[in-house]
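Okay, start.txt now, which holds compact mmCIF, C-alpha atoms:
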```txt
# COMPACT_ATOMS: atom_id res chain seq x y z
CA MET U 1 0.00 0.00 0.00
CA LEU U 2 2.80 2.44 0.80
CA TRP U 3 4.40 1.85 -2.59
CA TYR U 4 1.12 2.46 -4.39
CA LYS U 5 0.45 5.59 -2.34
CA SER U 6 3.91 6.96 -3.13
CA TRP U 7 3.31 6.31 -6.81
CA LEU U 8 -0.06 8.10 -6.71
CA GLU U 9 1.54 11.13 -5.03
CA THR U 10 4.29 11.49 -7.61
CA ARG U 11 2.92 9.96 -10.82
CA TRP U 12 1.90 13.18 -12.56
CA ARG U 13 5.21 14.88 -11.82
CA PHE U 14 7.00 11.81 -13.14
CA LEU U 15 4.86 11.41 -16.27
CA ILE U 16 5.04 15.10 -17.15
CA GLY U 17 8.80 15.06 -16.66
CA LEU U 18 9.19 11.94 -18.80
CA GLY U 19 7.09 13.39 -21.60
CA LEU U 20 8.92 16.72 -21.56
CA LEU U 21 12.38 15.16 -21.52
CA MET U 22 11.50 12.81 -24.37
CA ILE U 23 10.30 15.77 -26.46
CA LEU U 24 13.51 17.68 -25.70
CA SER U 25 15.59 14.61 -26.53
CA ALA U 26 13.92 14.21 -29.92
CA GLY U 27 14.37 17.93 -30.52
CA ILE U 28 18.14 17.63 -30.03
CA VAL U 29 18.34 15.04 -32.80
CA VAL U 30 16.09 17.03 -35.15
CA ASN U 31 18.03 20.28 -34.59
CA TYR U 32 21.48 18.84 -35.31
CA PRO U 33 21.35 19.06 -39.15
CA MET U 34 20.20 22.71 -38.96
CA VAL U 35 22.99 23.61 -36.55
CA GLN U 36 25.56 21.92 -38.77
CA GLN U 37 24.48 24.11 -41.67
CA LEU U 38 25.36 27.17 -39.59
CA MET U 39 28.73 25.86 -38.37
CA PRO U 40 30.77 27.20 -41.35
CA MET U 41 29.68 30.72 -40.36
CA ALA U 42 31.22 30.20 -36.90
CA ASP U 43 34.68 29.41 -38.27
CA GLY U 44 35.34 33.10 -38.91
CA ILE U 45 34.71 34.19 -35.33
CA ASP U 46 37.75 35.91 -33.81
CA ALA U 47 37.14 35.59 -30.09
CA LYS U 48 39.80 36.58 -27.54
CA GLY U 49 40.17 36.35 -23.80
CA PRO U 50 38.72 33.77 -21.40
CA LEU U 51 35.17 34.22 -22.73
CA GLY U 52 36.40 33.92 -26.29
CA ARG U 53 38.16 30.66 -25.51
CA LEU U 54 34.94 29.30 -24.01
CA ILE U 55 33.02 30.26 -27.16
CA LEU U 56 35.57 28.68 -29.47
CA ASP U 57 35.69 25.54 -27.34
CA ALA U 58 31.89 25.27 -27.49
CA ILE U 59 31.93 25.64 -31.28
CA GLU U 60 34.67 23.06 -31.67
CA MET U 61 32.87 20.52 -29.48
CA GLN U 62 29.65 20.78 -31.47
CA LYS U 63 31.20 20.04 -34.85
CA ASP U 64 30.38 16.34 -34.50
CA PHE U 65 27.18 14.67 -33.33
CA ARG U 66 28.57 13.25 -30.08
CA GLY U 67 29.92 16.66 -29.05
CA PHE U 68 26.68 18.38 -30.01
CA VAL U 69 24.64 15.93 -27.90
CA TRP U 70 26.91 16.36 -24.91
CA TYR U 71 27.06 20.15 -25.07
CA GLN U 72 23.42 20.88 -25.86
CA TRP U 73 21.69 17.91 -24.23
CA VAL U 74 23.79 16.45 -21.41
CA ARG U 75 25.47 19.63 -20.19
CA GLN U 76 22.50 21.98 -20.54
CA ASN U 77 18.93 20.89 -21.36
CA LEU U 78 18.95 17.50 -19.66
CA ALA U 79 20.90 18.52 -16.56
CA GLN U 80 18.75 21.60 -15.94
CA THR U 81 15.34 20.04 -16.63
CA TRP U 82 16.15 16.77 -14.86
CA THR U 83 17.35 18.66 -11.77
CA LEU U 84 14.07 20.56 -11.67
CA PHE U 85 12.06 17.33 -11.68
CA ALA U 86 14.40 15.77 -9.10
CA VAL U 87 13.46 18.63 -6.79
CA LEU U 88 9.77 18.34 -7.68
CA LEU U 89 9.72 14.60 -6.97
CA GLY U 90 11.45 15.12 -3.63
CA SER U 91 9.24 17.98 -2.47
CA GLY U 92 6.02 17.48 -0.51
CA GLY U 93 4.05 14.34 0.29
CA LEU U 94 5.26 13.91 3.87
CA LEU U 95 3.93 16.88 5.84
CA ALA U 96 2.52 18.91 2.97
CA ARG U 97 -0.86 20.48 3.51
CA ALA U 98 -1.43 20.28 -0.23
CA SER U 99 -1.78 16.53 0.20
CA GLY U 100 -4.87 17.04 2.38
CA GLY U 101 -5.07 14.51 5.20
CA ALA U 102 -3.04 11.90 3.33
CA PRO U 103 0.21 12.36 5.35
CA LEU U 104 -1.59 12.06 8.69
CA PHE U 105 -3.57 9.07 7.44
CA THR U 106 -0.32 7.38 6.42
CA LEU U 107 1.08 7.84 9.91
CA THR U 108 -1.89 5.97 11.38
CA LEU U 109 -0.97 2.84 9.41
CA PRO U 110 0.82 0.00 11.25
CA VAL U 111 4.22 0.87 9.78
CA SER U 112 7.16 2.82 11.13
CA ARG U 113 7.93 6.36 10.05
CA ASN U 114 11.28 5.15 8.74
CA ARG U 115 9.51 2.76 6.40
CA VAL U 116 7.17 5.52 5.21
CA LEU U 117 10.10 7.78 4.38
CA TRP U 118 12.29 5.13 2.77
CA VAL U 119 9.45 3.86 0.58
CA ARG U 120 8.84 7.44 -0.51
CA ALA U 121 12.55 7.89 -1.23
CA ALA U 122 12.84 4.60 -3.13
CA THR U 123 9.83 5.45 -5.30
CA GLY U 124 11.25 8.85 -6.17
CA LEU U 125 14.71 7.44 -6.92
CA ALA U 126 13.26 4.77 -9.21
CA GLU U 127 11.32 7.42 -11.11
CA LEU U 128 14.42 9.61 -11.38
CA LEU U 129 16.45 6.73 -12.78
CA LEU U 130 13.85 6.25 -15.50
CA LEU U 131 13.87 10.00 -16.20
CA ALA U 132 17.65 9.85 -16.66
CA ILE U 133 17.81 6.72 -18.85
CA ILE U 134 14.68 6.58 -21.05
CA PRO U 135 14.96 10.03 -22.71
CA PHE U 136 18.68 9.47 -23.25
CA LEU U 137 18.09 6.17 -25.04
CA LEU U 138 16.01 8.06 -27.62
CA ILE U 139 19.23 9.63 -28.91
CA PRO U 140 20.76 6.39 -30.29
CA LEU U 141 17.31 5.22 -31.42
CA LEU U 142 16.52 8.38 -33.40
CA SER U 143 19.99 9.36 -34.64
CA PRO U 144 19.93 7.03 -37.73
CA ALA U 145 17.01 9.13 -39.01
CA ILE U 146 19.45 12.01 -39.62
CA GLY U 147 22.32 9.79 -40.76
CA GLN U 148 24.17 9.80 -37.43
CA ARG U 149 25.05 7.25 -34.79
CA TYR U 150 25.27 7.54 -31.03
CA SER U 151 26.57 4.84 -28.72
CA ILE U 152 24.08 3.20 -26.37
CA GLY U 153 26.99 2.74 -23.97
CA ASP U 154 27.60 6.50 -23.90
CA ALA U 155 23.90 7.09 -23.29
CA VAL U 156 23.84 4.68 -20.34
CA VAL U 157 27.03 6.09 -18.77
CA HIS U 158 25.82 9.67 -19.02
CA GLY U 159 22.36 8.72 -17.76
CA VAL U 160 23.74 6.85 -14.75
CA CYS U 161 26.16 9.68 -13.87
CA LEU U 162 23.32 12.17 -14.10
CA PHE U 163 21.17 10.04 -11.81
CA VAL U 164 23.80 9.21 -9.19
CA ALA U 165 25.15 12.75 -8.83
CA GLY U 166 21.74 14.41 -9.19
CA THR U 167 20.17 12.44 -6.35
CA VAL U 168 21.77 15.03 -4.06
CA PHE U 169 19.06 17.51 -5.11
CA PHE U 170 16.28 14.96 -4.66
CA SER U 171 17.58 14.04 -1.21
CA LEU U 172 17.83 17.69 -0.22
CA ALA U 173 14.24 18.38 -1.29
CA LEU U 174 13.02 15.30 0.59
CA PHE U 175 14.90 16.37 3.72
CA LEU U 176 13.40 19.87 3.52
CA SER U 177 9.95 18.27 3.15
CA THR U 178 10.38 16.82 6.64
CA LEU U 179 10.89 20.34 8.01
CA PHE U 180 8.23 22.36 6.20
CA ALA U 181 4.52 21.62 5.95
CA ASP U 182 4.15 22.98 2.42
CA VAL U 183 5.42 22.07 -1.04
CA TRP U 184 6.82 25.42 -2.08
CA ARG U 185 9.54 26.10 0.49
CA PRO U 186 11.38 22.77 -0.01
CA MET U 187 11.15 23.22 -3.78
CA LEU U 188 12.30 26.85 -3.82
CA ILE U 189 15.16 26.31 -1.37
CA ALA U 190 16.46 23.24 -3.23
CA CYS U 191 16.16 24.99 -6.61
CA GLY U 192 17.93 28.04 -5.19
CA ILE U 193 20.84 25.92 -3.95
CA ALA U 194 21.05 24.19 -7.36
CA MET U 195 21.18 27.58 -9.11
CA VAL U 196 23.93 28.84 -6.79
CA LEU U 197 26.00 25.73 -7.45
CA ALA U 198 25.48 26.05 -11.21
CA VAL U 199 26.56 29.71 -11.19
CA ALA U 200 29.57 28.94 -8.98
CA GLU U 201 30.71 26.28 -11.45
CA ALA U 202 30.26 28.63 -14.41
CA LEU U 203 32.32 31.48 -12.94
CA PRO U 204 36.00 31.66 -13.97
CA GLY U 205 38.10 30.09 -11.23
CA GLY U 206 34.98 28.69 -9.57
CA LEU U 207 34.00 25.08 -8.97
CA ALA U 208 34.14 24.09 -12.64
CA SER U 209 36.93 21.57 -12.08
CA TYR U 210 35.11 19.50 -9.47
CA GLY U 211 31.53 20.74 -9.25
CA LEU U 212 28.43 18.60 -8.91
CA PHE U 213 27.05 19.53 -12.33
CA ARG U 214 30.36 18.52 -13.91
CA VAL U 215 29.92 15.06 -12.37
CA MET U 216 26.30 14.96 -13.55
CA SER U 217 27.39 15.69 -17.12
CA ALA U 218 30.26 13.18 -16.89
CA GLU U 219 32.55 15.70 -18.58
CA THR U 220 35.66 13.65 -17.90
CA TYR U 221 34.03 10.68 -19.64
CA PHE U 222 33.14 12.80 -22.66
CA ARG U 223 36.57 14.38 -22.97
CA ALA U 224 38.86 11.54 -21.88
CA GLY U 225 36.73 8.40 -21.50
CA GLU U 226 37.17 8.46 -17.71
CA VAL U 227 34.12 7.84 -15.53
CA PRO U 228 34.14 10.34 -12.61
CA TRP U 229 34.24 7.65 -9.92
CA ALA U 230 35.42 9.97 -7.15
CA GLY U 231 32.63 12.45 -7.83
CA LEU U 232 30.03 9.68 -8.01
CA LEU U 233 31.21 8.21 -4.70
CA ALA U 234 31.11 11.64 -3.07
CA SER U 235 27.58 12.19 -4.42
CA VAL U 236 26.38 8.85 -3.04
CA THR U 237 27.91 9.69 0.34
CA VAL U 238 26.27 13.13 0.47
CA SER U 239 22.89 11.80 -0.70
CA SER U 240 22.97 8.99 1.85
CA ALA U 241 23.82 11.40 4.65
CA ILE U 242 20.99 13.75 3.65
CA LEU U 243 18.49 10.88 3.43
CA TYR U 244 19.59 9.64 6.84
CA GLY U 245 19.04 13.17 8.16
CA ALA U 246 15.58 13.18 6.55
CA SER U 247 14.75 9.87 8.23
CA THR U 248 15.87 11.16 11.63
CA SER U 249 14.01 14.44 11.18
CA PHE U 250 10.78 12.72 10.12
CA ALA U 251 10.92 10.27 13.02
CA ARG U 252 11.23 13.16 15.50
CA GLN U 253 8.28 15.16 14.15
CA ASP U 254 5.50 15.70 16.68
CA PHE U 255 2.06 15.21 15.11
```

Using structure tokens, write down the structure that the file contains.
Amino acid sequence: MLWYKSWLETRWRFLIGLGLLMILSAGIVVNYPMVQQLMPMADGIDAKGPLGRLILDAIEMQKDFRGFVWYQWVRQNLAQTWTLFAVLLGSGGLLARASGGAPLFTLTLPVSRNRVLWVRAATGLAELLLLAIIPFLLIPLLSPAIGQRYSIGDAVVHGVCLFVAGTVFFSLALFLSTLFADVWRPMLIACGIAMVLAVAEALPGGLASYGLFRVMSAETYFRAGEVPWAGLLASVTVSSAILYGASTSFARQDF
């Protein structure tokens, strides 16, 4: 019953996210030929300074299909949209007033609060894994339609890295949902922290070399074929600690 209840609470967020990400994934494939037609115009750009080097590097990466997918899909559209739905799936459902009397009814069932929280967490994580893998697999499936190929192995590696590192945001939203009795504060706080981290990584001399979004995009795998094991392990450790904190916080709530 707990599993089914967790699914009912999150199904529309999951299904909307899946549909949106699949549309965006198909759009990446469709847009590639049009972008390639414009690439010769970019060869004449004379960009100088740190910003210029970033622009030239971005142009160079997108000259082949694999680089275009990584830069436009993995590094930007997928990471940003998936993070938003990770926060949405983690927010609410425990103490939220928007759920009516459902949270209090759940607590009257003959199950421990730890079980309630961990079932909720497991449901959300399973949905996030599907959101990371299914849209990504559309890339190798659709790429032959435009005369390109994309490795299924690359799709799986990038999807798994996105999921493992991105669970930090889901765990944070779930933890905040044990502190606030509404949906909006956990969502806004978690999204705000994600935005701060993204900006910090983008700034020159910031966290770009070891930031969370760099692990999510598996940049080292794209550039050098090296899976970011250290970053993934750190992400699992942080997510586990946050989920443990959420479990402890939920168990101590006075209803």

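Among the candidates U:Ala234, U:Pro186, U:Val116, U:Gly67, the one nearest to Tyr221 in chain U when counting all atoms listed in the file is U:Gly67.
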
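Using all atoms listed in the file, the shortest contact distance between Leu141 in chain U and any of U:Gly211, U:Trp3, U:Val160, U:Met22 is found at U:Met22.
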
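Going from CA of Ile152 in chain U to CA of Val69 in chain U covers 12.8 Å.
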
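Minimum atom-to-atom distance to Cys191 in chain U, evaluated using all atoms listed in the file, belongs to U:Ser91 out of U:Ser91, U:Phe222, U:Val119, U:Phe65.
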
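Take CA of Tyr4 in chain U and CA of Ala126 in chain U: the distance between them is 13.3 Å.
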
In terms of only C-alpha atoms, the residue from U:Ser112, U:Leu18, U:Met1, U:Leu174 at minimal distance from Leu129 in chain U is U:Leu18

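Proximity of U:Val35, U:Cys161, U:Ala230, U:Leu243 to Phe213 in chain U, computed with only C-alpha atoms, is greatest for U:Cys161.
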
Between CA of Thr237 in chain U and CA of Arg120 in chain U, what is the distance, to one decimal in Å?
19.2 Å

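Closest approach to Leu20 in chain U from the set U:Phe180, U:Phe170, U:Trp82, U:Phe68 is made by U:Trp82, with distances taken over all atoms listed in the file.
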
Centre and edge lengths, as lines of an AutoDock Vina configuration file, for the axis-aligned box enclosing every listed atom of range 74-80 of chain U with 5 Å of padding on each of the six sides, in Å to one decimal?
```
center_x = 22.1
center_y = 19.2
center_z = -18.7
size_x = 16.7
size_y = 15.5
size_z = 15.5
```

Determine, counting only C-alpha atoms, which protein, DNA and RNA residues have an atom within 12 Å of an atom of Pro33 in chain U; residues of the same chain fewer than 6 positions away are not included. Present the result as a PyMOL selection string.
chain U and resi 27+39+62-65+68+143+145-148

Dump of C-alpha atoms for the selected residues, as a PDB file, in the coordinates of the input:
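Resulting contents of again14.pdb:
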```pdb
ATOM      1  CA  GLY U  27      14.370  17.930 -30.520  1.00  0.00           C
ATOM      2  CA  MET U  39      28.730  25.860 -38.370  1.00  0.00           C
ATOM      3  CA  GLN U  62      29.650  20.780 -31.470  1.00  0.00           C
ATOM      4  CA  LYS U  63      31.200  20.040 -34.850  1.00  0.00           C
ATOM      5  CA  ASP U  64      30.380  16.340 -34.500  1.00  0.00           C
ATOM      6  CA  PHE U  65      27.180  14.670 -33.330  1.00  0.00           C
ATOM      7  CA  PHE U  68      26.680  18.380 -30.010  1.00  0.00           C
ATOM      8  CA  SER U 143      19.990   9.360 -34.640  1.00  0.00           C
ATOM      9  CA  ALA U 145      17.010   9.130 -39.010  1.00  0.00           C
ATOM     10  CA  ILE U 146      19.450  12.010 -39.620  1.00  0.00           C
ATOM     11  CA  GLY U 147      22.320   9.790 -40.760  1.00  0.00           C
ATOM     12  CA  GLN U 148      24.170   9.800 -37.430  1.00  0.00           C
TER      13      GLN U 148
END
```

Close residues, Gly17 in chain U itself excluded, 7 Å, all atoms listed in the file, min 4 positions apart in chain, as an NGL selection string
:U and (13 or 21 or 85)
